[in-house]
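**Student:** Quick one: structure below, then a few questions.
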Number of protein chains: 2
Amino acid sequence: MTNPPRILVIEDDTSIRRFLKIVIESGGHTMLEAERGRAGIERTATDAPDLVILDLGLPDMDGKSVIASIREWSQVPILVLSVRDGEAEKISALDAGADDYVTKPFATGELLARVRALLRKRSSIPTDVSEIVSGPLRIDLAAHKVTLNGKDTQLTRKEFAVLALLARHAGRLVAHKQLLTTIWGAAHANDAHYLRIAIGNIRDKLGDDAADPRYIITEPGVGYRLVTE
Amino acid sequence: MTNPPRILVIEDDTSIRRFLKIVIESGGHTMLEAERGRAGIERTATDAPDLVILDLGLPDMDGKSVIASIREWSQVPILVLSVRDGEAEKISALDAGADDYVTKPFATGELLARVRALLRKRSSIPTDVSEIVSGPLRIDLAAHKVTLNGKDTQLTRKEFAVLALLARHAGRLVAHKQLLTTIWGAAHANDAHYLRIAIGNIRDKLGDDAADPRYIITEPGVGYRLVTE
DNA sequence: GCATTTCCTTACGCTCGCTTTACGCCAATT
DNA sequence: AATTGGCGTAAAGCGAGCGTAAGGAAATGC
């Protein structure tokens, strides 16, 4: 990651937010903010932060629901802030898909350590390489070029964007919402339509068959995945 | 947890207590003792053990009351010892807030496995939640992929969700209600139907047999459990 | 400004997963 | 023995989601 990691804090208490901002920026990260669960979910979609810090005691939504919502389409690391002795809530948050937790009040050193640990996990996924090779596919991000078995393939901008995003997460599932918000913008987060057409065109140009795919696999109701190896 | 986990055993029978002491300490844990329900509740408060093992047949209090008392203020995992065929008592104990049960007479290996599973729950700062390995089963949450002995297994969304939730609690009992509310939503908390079909399909795809299960164990009237080891 | 490419829209058939319904089995209860 | 409830399986219906096609709008490139 060349740019400083962007951390989204979902927290209703202003003073805690202010405090976190100091801590996080002292750690060399950038902080985004949301005051409500709903808004936090949306910013996660639109801004694609590298990490989400979530307070469990939000006024509008139960923390577990926020986590579940995000986990439907994103694998971004989630660090939970819970009050001390909120044992049950903490555990259910982890079950819902959170990655770690810190109990309030927390030491700034501990918080930053947890943050770094989660970011490190994430950074193993290369995002800033200029060329992605996946089997017979070669995707040159800078030149906007795709070659299949050495032969040039002409993709449109959207088609290329879709394939590139899949390639960045080669082998992993990429959710509809993630593709749509990244490429078409948050306003079209639910237009899975677009995606089907783009995928269809890509498959066409790569000589792939939807019924028996060699490159792009459909994960029904969830998203798509680029085959590795 | 840096120190050895401390386990409180609430049991009136001296010979069983002595036996448990050997088993528990052989597992690398420390054992505290109480002979009566009342005393057990108090020691839970004063000594804050990491796990409570509770015999249901105490002379001074009914087991359900002991659990309810503890649950008023503590979320410490409670493992219940019940006599065989005490089905109803067992279920009501779980309803009252117990986490798991073992029927007497019990195998020492099984008891320790349950103890470890419950202790893991408390100390669970997941190192890498994106992949859960349980025996020959490998569940990749990010990729939405399940491999059995290295071979890919195609699960539907619901099937995957069920298996993933069981895997998060590997070795522990997961109640019907928890599975249903988490995956199907609160509205279907009583449609155990759905669950049976999903479990049936999963077992089918994993080559598991309901009558002699290797992976998913049915806990009648209560829930399911994913085998560990 | 015009030609061409690219994208959005609309439409439709189809597959597959979820729900529903039904039934047999076993064990515990009477 | 008869009954009941929980579990497991089978199978059918249905609807959501997927894939494809084609025409028109919009953006791009010259």
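Just remember, in the structure tokens the first chain shown is A, the second B, etc., residues are 1-based per chain, and ligands are 1-based in the order shown.
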Tell me which protein, DNA and RNA residues are within 12 Å of DT10 in chain C, counting only C-alpha atoms (C1' of nucleotides), leaving out same-chain ones fewer than 6 positions away, and put them as a VMD selection string.
**Tutor:** (chain A and resid 193) or (chain D and resid 21 to 24)
**Student:** Please report as a Markdown table every residue of chain D lying within 12 Å of chain B, along with the nearest atom pair and their distance in Å (one decimal), using only C-alpha atoms (C1' of nucleotides).
**Tutor:**
| residue | atom | partner | partner_atom | distance |
| --- | --- | --- | --- | --- |
| D:DG5 | C1' | B:Gly221 | CA | 10.1 |
| D:DG6 | C1' | B:Gly221 | CA | 7.0 |
| D:DC7 | C1' | B:Arg196 | CA | 7.7 |
| D:DG8 | C1' | B:Arg196 | CA | 7.3 |
| D:DT9 | C1' | B:Gly200 | CA | 8.1 |
| D:DA10 | C1' | B:Ile197 | CA | 10.7 |
**Student:** Using only C-alpha atoms (C1' of nucleotides), tabulate the residues of chain C lying at most 12 Å from any atom of chain A, each with its closest atom pair and that distance in Å to one decimal, by chain and increasing residue number, as JSON lines.
**Tutor:**
{"residue": "C:DT5", "atom": "C1'", "partner": "A:Thr156", "partner_atom": "CA", "distance": 9.0}
{"residue": "C:DT6", "atom": "C1'", "partner": "A:Thr156", "partner_atom": "CA", "distance": 7.1}
{"residue": "C:DC7", "atom": "C1'", "partner": "A:Lys158", "partner_atom": "CA", "distance": 8.8}
{"residue": "C:DC8", "atom": "C1'", "partner": "A:Tyr194", "partner_atom": "CA", "distance": 8.2}
{"residue": "C:DT9", "atom": "C1'", "partner": "A:Tyr194", "partner_atom": "CA", "distance": 10.2}
{"residue": "C:DT10", "atom": "C1'", "partner": "A:His193", "partner_atom": "CA", "distance": 11.4}
{"residue": "C:DT15", "atom": "C1'", "partner": "A:Ala211", "partner_atom": "CA", "distance": 10.2}
{"residue": "C:DC16", "atom": "C1'", "partner": "A:Pro220", "partner_atom": "CA", "distance": 9.2}
{"residue": "C:DG17", "atom": "C1'", "partner": "A:Pro220", "partner_atom": "CA", "distance": 9.2}
**Student:** Once chain A is best-fit onto chain B by all Cα atoms in order, what RMSD in Å is left?
**Tutor:**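 In short, the RMSD is 11.7 Å.
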**Student:** Within 9 Å of chain B, which residues of chain A are there when counting only C-alpha atoms? Please give them as a PyMOL selection string.
**Tutor:** chain A and resi 68+74-75+85-88+91+94-101+121+171-174+219-222+225
**Student:** So that I have them on file, write out the residues from the current selection with N, CA and C atoms, as a short mmCIF file (atom, residue, chain, number, x, y, z; two decimals), in the first residue's frame.
**Tutor:**
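Below is the file that was written, out_30.cif:
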data_model
loop_
_atom_site.label_atom_id
_atom_site.label_comp_id
_atom_site.auth_asym_id
_atom_site.auth_seq_id
_atom_site.Cartn_x
_atom_site.Cartn_y
_atom_site.Cartn_z
N ALA A 68 -22.88 -7.83 10.06
CA ALA A 68 -23.47 -8.78 9.11
C ALA A 68 -23.70 -8.11 7.76
N SER A 74 -18.31 -7.51 1.73
CA SER A 74 -16.95 -7.02 1.88
C SER A 74 -16.19 -7.81 2.94
N GLN A 75 -14.90 -7.97 2.71
CA GLN A 75 -14.06 -8.69 3.66
C GLN A 75 -13.13 -7.73 4.40
N ASP A 85 -16.81 -5.72 30.09
CA ASP A 85 -17.82 -6.63 30.61
C ASP A 85 -19.00 -6.79 29.66
N GLY A 86 -18.85 -6.29 28.46
CA GLY A 86 -19.89 -6.58 27.49
C GLY A 86 -19.55 -7.88 26.78
N GLU A 87 -19.25 -8.84 27.61
CA GLU A 87 -18.72 -10.11 27.10
C GLU A 87 -19.61 -10.72 26.01
N ALA A 88 -20.88 -10.80 26.30
CA ALA A 88 -21.78 -11.49 25.37
C ALA A 88 -21.82 -10.77 24.03
N ILE A 91 -18.64 -11.33 22.00
CA ILE A 91 -18.55 -12.65 21.38
C ILE A 91 -19.47 -12.75 20.17
N LEU A 94 -17.92 -11.10 17.24
CA LEU A 94 -16.90 -11.92 16.58
C LEU A 94 -17.57 -13.00 15.74
N ASP A 95 -18.64 -13.56 16.27
CA ASP A 95 -19.35 -14.59 15.52
C ASP A 95 -19.92 -14.02 14.23
N ALA A 96 -20.37 -12.79 14.31
CA ALA A 96 -21.00 -12.19 13.13
C ALA A 96 -19.96 -11.85 12.06
N GLY A 97 -18.69 -11.89 12.43
CA GLY A 97 -17.68 -11.68 11.40
C GLY A 97 -16.66 -10.58 11.70
N ALA A 98 -16.68 -10.05 12.92
CA ALA A 98 -15.65 -9.08 13.28
C ALA A 98 -14.31 -9.80 13.40
N ASP A 99 -13.23 -9.04 13.27
CA ASP A 99 -11.91 -9.66 13.27
C ASP A 99 -11.20 -9.55 14.61
N ASP A 100 -11.52 -8.51 15.35
CA ASP A 100 -10.84 -8.32 16.62
C ASP A 100 -11.66 -7.32 17.44
N TYR A 101 -11.31 -7.18 18.71
CA TYR A 101 -12.01 -6.20 19.52
C TYR A 101 -11.07 -5.55 20.52
N LYS A 121 -2.43 -7.94 7.67
CA LYS A 121 -3.12 -9.09 7.08
C LYS A 121 -3.62 -8.74 5.69
N GLY A 171 -8.99 -15.54 -7.50
CA GLY A 171 -9.24 -16.71 -6.67
C GLY A 171 -10.21 -16.45 -5.55
N ARG A 172 -10.40 -15.15 -5.24
CA ARG A 172 -11.32 -14.84 -4.16
C ARG A 172 -12.64 -14.35 -4.74
N LEU A 173 -13.64 -14.46 -3.90
CA LEU A 173 -14.95 -13.99 -4.31
C LEU A 173 -15.00 -12.46 -4.26
N VAL A 174 -15.50 -11.85 -5.32
CA VAL A 174 -15.73 -10.41 -5.31
C VAL A 174 -17.23 -10.18 -5.41
N GLU A 219 -20.81 -16.88 -8.65
CA GLU A 219 -21.23 -17.33 -7.33
C GLU A 219 -22.63 -16.79 -7.11
N PRO A 220 -23.64 -17.61 -7.34
CA PRO A 220 -25.02 -17.14 -7.40
C PRO A 220 -25.42 -16.35 -6.16
N GLY A 221 -25.98 -15.20 -6.42
CA GLY A 221 -26.49 -14.37 -5.33
C GLY A 221 -25.42 -13.59 -4.60
N VAL A 222 -24.16 -13.78 -4.95
CA VAL A 222 -23.09 -13.15 -4.20
C VAL A 222 -22.17 -12.32 -5.09
N ARG A 225 -15.94 -14.68 -9.39
CA ARG A 225 -14.58 -15.03 -8.96
C ARG A 225 -13.76 -15.41 -10.17
#
**Student:** Could you check how far CA of Ala39 in chain A sits from CA of Ile16 in chain A, in Å to one decimal?
**Tutor:**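 Separation of CA of Ala39 in chain A and CA of Ile16 in chain A: 17.6 Å.
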